[in-house]
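Colleague: To be precise about what I am sending: the file is called query21.pdb and holds PDB, C-alpha atoms, pLDDT in the B column.
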ATOM      1  CA  MET A   1      81.888  94.041 110.744  1.00 36.00           C
ATOM      2  CA  GLN A   2      85.385  94.939 111.859  1.00 58.00           C
ATOM      3  CA  PRO A   3      85.840  97.582 114.571  1.00 69.00           C
ATOM      4  CA  ARG A   4      86.314 101.080 113.188  1.00 74.00           C
ATOM      5  CA  ASP A   5      86.945 104.475 114.713  1.00 79.00           C
ATOM      6  CA  HIS A   6      84.434 106.908 113.184  1.00 77.00           C
ATOM      7  CA  SER A   7      86.823 109.829 113.718  1.00 88.00           C
ATOM      8  CA  CYS A   8      89.647 108.079 111.792  1.00 94.00           C
ATOM      9  CA  ILE A   9      90.273 109.145 108.176  1.00 95.00           C
ATOM     10  CA  PHE A  10      91.729 105.729 107.301  1.00 95.00           C
ATOM     11  CA  CYS A  11      88.674 103.944 108.722  1.00 95.00           C
ATOM     12  CA  ALA A  12      86.537 106.272 106.576  1.00 95.00           C
ATOM     13  CA  MET A  13      88.595 105.272 103.517  1.00 96.00           C
ATOM     14  CA  VAL A  14      88.210 101.579 104.355  1.00 96.00           C
ATOM     15  CA  ALA A  15      84.439 102.085 104.688  1.00 95.00           C
ATOM     16  CA  GLY A  16      84.314 103.883 101.333  1.00 94.00           C
ATOM     17  CA  HIS A  17      83.165 107.188 102.847  1.00 95.00           C
ATOM     18  CA  VAL A  18      86.354 109.030 101.833  1.00 95.00           C
ATOM     19  CA  PRO A  19      87.908 108.437  98.401  1.00 95.00           C
ATOM     20  CA  CYS A  20      91.466 107.216  97.993  1.00 97.00           C
ATOM     21  CA  HIS A  21      93.698 106.058  95.167  1.00 98.00           C
ATOM     22  CA  ALA A  22      93.665 102.364  96.068  1.00 98.00           C
ATOM     23  CA  VAL A  23      96.300 100.056  94.636  1.00 98.00           C
ATOM     24  CA  TYR A  24      95.381  96.882  96.566  1.00 98.00           C
ATOM     25  CA  GLU A  25      92.551  95.609  98.729  1.00 97.00           C
ATOM     26  CA  ASP A  26      91.626  92.326 100.369  1.00 96.00           C
ATOM     27  CA  GLU A  27      89.520  91.369 103.389  1.00 96.00           C
ATOM     28  CA  HIS A  28      92.181  92.532 105.884  1.00 96.00           C
ATOM     29  CA  LEU A  29      94.198  95.284 104.172  1.00 97.00           C
ATOM     30  CA  LEU A  30      93.930  98.384 102.029  1.00 98.00           C
ATOM     31  CA  ALA A  31      96.889  99.965 100.221  1.00 98.00           C
ATOM     32  CA  PHE A  32      96.594 103.384  98.618  1.00 98.00           C
ATOM     33  CA  LEU A  33      98.738 106.241  97.411  1.00 98.00           C
ATOM     34  CA  ASP A  34      99.662 108.904  99.925  1.00 96.00           C
ATOM     35  CA  HIS A  35      97.914 112.045  98.661  1.00 93.00           C
ATOM     36  CA  ARG A  36     100.954 114.099  99.682  1.00 94.00           C
ATOM     37  CA  PRO A  37     103.741 111.746  98.614  1.00 96.00           C
ATOM     38  CA  LEU A  38     107.402 112.011  99.495  1.00 96.00           C
ATOM     39  CA  ASN A  39     108.084 110.706  95.965  1.00 96.00           C
ATOM     40  CA  PRO A  40     105.840 109.384  93.192  1.00 95.00           C
ATOM     41  CA  GLY A  41     104.636 105.904  94.091  1.00 97.00           C
ATOM     42  CA  HIS A  42     104.523 106.542  97.865  1.00 97.00           C
ATOM     43  CA  VAL A  43     102.027 103.945  99.141  1.00 98.00           C
ATOM     44  CA  LEU A  44     100.382 103.521 102.544  1.00 97.00           C
ATOM     45  CA  VAL A  45      99.341 100.060 103.706  1.00 98.00           C
ATOM     46  CA  VAL A  46      96.698  99.934 106.447  1.00 97.00           C
ATOM     47  CA  PRO A  47      94.784  97.191 108.222  1.00 97.00           C
ATOM     48  CA  LYS A  48      91.039  97.515 107.646  1.00 96.00           C
ATOM     49  CA  ARG A  49      90.457  97.000 111.344  1.00 95.00           C
ATOM     50  CA  HIS A  50      91.255 100.133 113.365  1.00 94.00           C
ATOM     51  CA  GLU A  51      94.601  99.431 115.014  1.00 94.00           C
ATOM     52  CA  PRO A  52      96.280 102.423 116.700  1.00 94.00           C
ATOM     53  CA  ASP A  53      99.652 100.748 117.379  1.00 94.00           C
ATOM     54  CA  PHE A  54     101.604  98.213 115.306  1.00 93.00           C
ATOM     55  CA  HIS A  55     103.129  96.565 118.379  1.00 94.00           C
ATOM     56  CA  ARG A  56      99.654  95.764 119.744  1.00 94.00           C
ATOM     57  CA  MET A  57      98.394  94.151 116.528  1.00 94.00           C
ATOM     58  CA  ALA A  58      97.778  90.428 116.319  1.00 95.00           C
ATOM     59  CA  SER A  59     100.911  88.762 114.940  1.00 96.00           C
ATOM     60  CA  ALA A  60      99.010  87.236 112.006  1.00 96.00           C
ATOM     61  CA  LEU A  61      97.668  90.631 110.901  1.00 96.00           C
ATOM     62  CA  TYR A  62     101.103  92.218 111.334  1.00 96.00           C
ATOM     63  CA  GLY A  63     102.539  89.426 109.198  1.00 96.00           C
ATOM     64  CA  VAL A  64     100.154  89.925 106.269  1.00 97.00           C
ATOM     65  CA  LEU A  65     100.596  93.708 106.517  1.00 97.00           C
ATOM     66  CA  MET A  66     104.359  93.373 106.196  1.00 97.00           C
ATOM     67  CA  GLN A  67     104.069  90.748 103.438  1.00 97.00           C
ATOM     68  CA  LEU A  68     102.017  93.205 101.406  1.00 97.00           C
ATOM     69  CA  ALA A  69     104.485  96.020 102.152  1.00 98.00           C
ATOM     70  CA  HIS A  70     107.272  93.717 100.919  1.00 97.00           C
ATOM     71  CA  ARG A  71     105.356  92.876  97.729  1.00 97.00           C
ATOM     72  CA  LEU A  72     104.631  96.562  97.114  1.00 98.00           C
ATOM     73  CA  GLY A  73     108.308  97.344  97.682  1.00 97.00           C
ATOM     74  CA  LYS A  74     109.221  94.903  94.907  1.00 97.00           C
ATOM     75  CA  CYS A  75     106.578  96.453  92.662  1.00 97.00           C
ATOM     76  CA  LEU A  76     107.745 100.028  93.310  1.00 97.00           C
ATOM     77  CA  ALA A  77     111.378  99.027  92.752  1.00 97.00           C
ATOM     78  CA  HIS A  78     110.401  97.608  89.359  1.00 96.00           C
ATOM     79  CA  LEU A  79     108.226 100.557  88.304  1.00 97.00           C
ATOM     80  CA  TYR A  80     110.281 103.503  89.558  1.00 97.00           C
ATOM     81  CA  GLN A  81     113.820 102.043  89.521  1.00 97.00           C
ATOM     82  CA  PRO A  82     114.941 103.872  92.694  1.00 98.00           C
ATOM     83  CA  PRO A  83     118.245 102.981  94.383  1.00 98.00           C
ATOM     84  CA  LYS A  84     116.218 102.000  97.496  1.00 97.00           C
ATOM     85  CA  VAL A  85     112.641 101.482  98.644  1.00 98.00           C
ATOM     86  CA  GLY A  86     112.030 102.698 102.185  1.00 97.00           C
ATOM     87  CA  LEU A  87     109.642 101.401 104.812  1.00 97.00           C
ATOM     88  CA  LEU A  88     108.399 103.403 107.774  1.00 95.00           C
ATOM     89  CA  VAL A  89     105.718 102.953 110.435  1.00 93.00           C
ATOM     90  CA  MET A  90     104.801 106.121 112.328  1.00 83.00           C
ATOM     91  CA  GLY A  91     101.220 107.049 113.096  1.00 79.00           C
ATOM     92  CA  PHE A  92     101.512 110.555 114.529  1.00 82.00           C
ATOM     93  CA  HIS A  93      99.297 112.296 111.961  1.00 84.00           C
ATOM     94  CA  VAL A  94      96.702 109.515 111.845  1.00 92.00           C
ATOM     95  CA  PRO A  95      96.495 107.177 114.858  1.00 91.00           C
ATOM     96  CA  HIS A  96      95.812 104.091 112.713  1.00 94.00           C
ATOM     97  CA  VAL A  97      98.643 101.729 111.803  1.00 95.00           C
ATOM     98  CA  HIS A  98     100.003 102.628 108.396  1.00 96.00           C
ATOM     99  CA  VAL A  99     103.159 101.499 106.699  1.00 97.00           C
ATOM    100  CA  HIS A 100     104.789 103.945 104.297  1.00 97.00           C
ATOM    101  CA  VAL A 101     106.409 102.204 101.304  1.00 98.00           C
ATOM    102  CA  VAL A 102     108.391 104.825  99.395  1.00 98.00           C
ATOM    103  CA  PRO A 103     110.716 104.822  96.379  1.00 98.00           C
ATOM    104  CA  LEU A 104     113.879 106.563  97.629  1.00 98.00           C
ATOM    105  CA  TYR A 105     116.486 108.351  95.550  1.00 98.00           C
ATOM    106  CA  ALA A 106     118.456 109.991  98.371  1.00 96.00           C
ATOM    107  CA  MET A 107     118.758 109.638 102.129  1.00 95.00           C
ATOM    108  CA  ALA A 108     116.984 112.984 102.554  1.00 95.00           C
ATOM    109  CA  ASP A 109     113.837 111.602 100.875  1.00 95.00           C
ATOM    110  CA  MET A 110     112.554 110.106 104.140  1.00 94.00           C
ATOM    111  CA  THR A 111     113.229 112.680 106.841  1.00 93.00           C
ATOM    112  CA  ALA A 112     111.050 114.831 109.071  1.00 92.00           C
ATOM    113  CA  GLU A 113     111.801 117.759 106.756  1.00 94.00           C
ATOM    114  CA  ALA A 114     110.700 115.730 103.710  1.00 95.00           C
ATOM    115  CA  PHE A 115     107.405 114.823 105.424  1.00 93.00           C
ATOM    116  CA  GLU A 116     106.814 118.469 106.384  1.00 93.00           C
ATOM    117  CA  ARG A 117     107.570 119.608 102.820  1.00 94.00           C
ATOM    118  CA  ALA A 118     105.180 116.998 101.404  1.00 94.00           C
ATOM    119  CA  GLN A 119     102.413 118.201 103.751  1.00 91.00           C
ATOM    120  CA  ARG A 120     102.780 121.714 102.318  1.00 93.00           C
ATOM    121  CA  THR A 121     102.620 120.489  98.706  1.00 91.00           C
ATOM    122  CA  ALA A 122      99.231 120.316  96.988  1.00 89.00           C
ATOM    123  CA  PRO A 123      98.363 116.881  95.600  1.00 87.00           C
ATOM    124  CA  VAL A 124      98.391 116.488  91.815  1.00 91.00           C
ATOM    125  CA  VAL A 125      95.339 114.303  91.236  1.00 94.00           C
ATOM    126  CA  ALA A 126      96.222 113.326  87.656  1.00 94.00           C
ATOM    127  CA  VAL A 127      99.608 112.009  88.809  1.00 94.00           C
ATOM    128  CA  LEU A 128      97.968 110.033  91.629  1.00 96.00           C
ATOM    129  CA  VAL A 129      95.408 108.521  89.233  1.00 96.00           C
ATOM    130  CA  ASP A 130      98.122 107.495  86.746  1.00 96.00           C
ATOM    131  CA  SER A 131     100.439 106.145  89.454  1.00 97.00           C
ATOM    132  CA  ALA A 132      97.646 104.098  91.068  1.00 97.00           C
ATOM    133  CA  ALA A 133      96.743 102.564  87.702  1.00 97.00           C
ATOM    134  CA  GLN A 134     100.385 101.663  86.980  1.00 97.00           C
ATOM    135  CA  ILE A 135     100.867 100.069  90.408  1.00 97.00           C
ATOM    136  CA  ARG A 136      97.601  98.094  90.190  1.00 97.00           C
ATOM    137  CA  GLN A 137      98.562  96.844  86.733  1.00 95.00           C
ATOM    138  CA  ALA A 138     102.074  95.865  87.860  1.00 95.00           C
ATOM    139  CA  LEU A 139     100.713  94.049  90.935  1.00 95.00           C
ATOM    140  CA  ALA A 140      98.239  92.153  88.754  1.00 93.00           C
ATOM    141  CA  VAL A 141     100.980  90.671  86.578  1.00 91.00           C
ATOM    142  CA  MET A 142     103.577  90.278  89.316  1.00 85.00           C
ATOM    143  CA  GLU A 143     104.078  86.787  90.668  1.00 72.00           C
ATOM    144  CA  ASP A 144     103.009  86.423  94.281  1.00 64.00           C
ATOM    145  CA  ASP A 145     106.419  85.100  95.243  1.00 58.00           C
ATOM    146  CA  ASP A 146     107.027  84.391  98.905  1.00 46.00           C
ATOM    147  CA  THR A 147     110.283  82.533  98.303  1.00 38.00           C
ATOM    148  CA  PRO A 148     113.495  83.970  99.748  1.00 38.00           C
ATOM    149  CA  ALA A 149     115.754  86.020  97.501  1.00 42.00           C
ATOM    150  CA  SER A 150     118.277  83.964  95.567  1.00 40.00           C
ATOM    151  CA  GLY A 151     121.415  83.303  97.541  1.00 41.00           C
ATOM    152  CA  TRP A 152     119.631  83.461 100.916  1.00 36.00           C
ATOM    153  CA  HIS A 153     119.711  80.338 103.053  1.00 39.00           C
ATOM    154  CA  ALA A 154     117.941  79.576 106.298  1.00 37.00           C
TER
END
How does this structure look as structure tokens?

Modeller:
Amino acid sequence: MQPRDHSCIFCAMVAGHVPCHAVYEDEHLLAFLDHRPLNPGHVLVVPKRHEPDFHRMASALYGVLMQLAHRLGKCLAHLYQPPKVGLLVMGFHVPHVHVHVVPLYAMADMTAEAFERAQRTAPVVAVLVDSAAQIRQALAVMEDDDTPASGWHA
């Protein structure tokens, strides 16, 4: 059993005690829709082990966390066609490492004001259910491609 913090909402989600709109899960990671998204498709990626700070995580776990965030970014770019997909690691609201992967349409989509606005907006469960299903389906058919982007050379 991996260490968990019983007061942590993300640990409760990992344990199955609190529902979430999961889009991906393996033995080390859980990815789910933010219930108060900045934009549709806003996903959080968390390690299943309670980790309060990303810079204190084991390098291997950090690596797989970021690989999944990268894969989800590709998926969200395909599904939502935004000009950009943003990535952010904070942890102020929930002291458990979580990476925000967000389709972005404008620079103002990922600001403190945008996060505050999202916190005041009631979740639309039907939209979350539909979005989670679309992302899971897209991930299932997406190639697990770890090769560099074309044109990139080491």

Colleague: Write out as a PyMOL selection string which residues come within 12 Å of A:Glu51 when counting all atoms listed in the file, dropping same-chain ones fewer than 4 positions away.

Modeller: chain A and resi 2-5+8+10-11+28-29+46-47+55-58+61-62+65+91+94-98

Colleague: Return the single residue from A:Ala12, A:Gln119, A:Leu76, A:Pro52 that is closest to A:Phe92, with distances computed using only C-alpha atoms.

Modeller: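 Ranked by minimum distance to A:Phe92, first place goes to A:Pro52.
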
Colleague: Pick the closest to A:Tyr80 from A:Ala22, A:Val141, A:Val127, A:Ile135: which is it, counting all atoms listed in the file?

Modeller: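 Of A:Ala22, A:Val141, A:Val127, A:Ile135, the one nearest A:Tyr80, counting all atoms listed in the file, is A:Ile135.
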
Colleague: As JSON, please report the centre and edge lengths, rounded to one decimal in Å, of the axis-aligned box that holds all listed atoms of stretch 32-43 of chain A with 4 Å of padding on each of the six sides.

Modeller:
{"center_x": 102.3, "center_y": 108.7, "center_z": 96.6, "size_x": 19.5, "size_y": 18.7, "size_z": 14.7}

Colleague: Please provide the set of residues having any atom within 9 Å of A:Leu139, restricted to all atoms listed in the file, with same-chain residues fewer than 3 positions apart removed, written as a PyMOL selection string.

Modeller: chain A and resi 23-24+71-72+75+134-136+142-144

Colleague: What's around A:Gly73 at 9 Å? Count all atoms listed in the file, leave out sequence neighbours fewer than 3 positions away in its own chain, and write the answer as an MDAnalysis selection string.

Modeller: chainID A and resid 68:70 76:78 85:87 101:103

Colleague: As an exercise, work out the distance from atom CA of A:Val129 to atom CA of A:Gln81 in Å and give it to one decimal place.

Modeller: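 One can read the atom CA of A:Val129 to atom CA of A:Gln81 distance as 19.5 Å.
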
Colleague: Using only C-alpha atoms, give me every residue within 10 Å of (90.4, 100.3, 95.5) in file coordinates, as JSON, numbers by chain.

Modeller: {"A": [13, 14, 16, 19, 20, 21, 22, 23, 24, 25, 26, 30, 31, 32, 132, 136]}
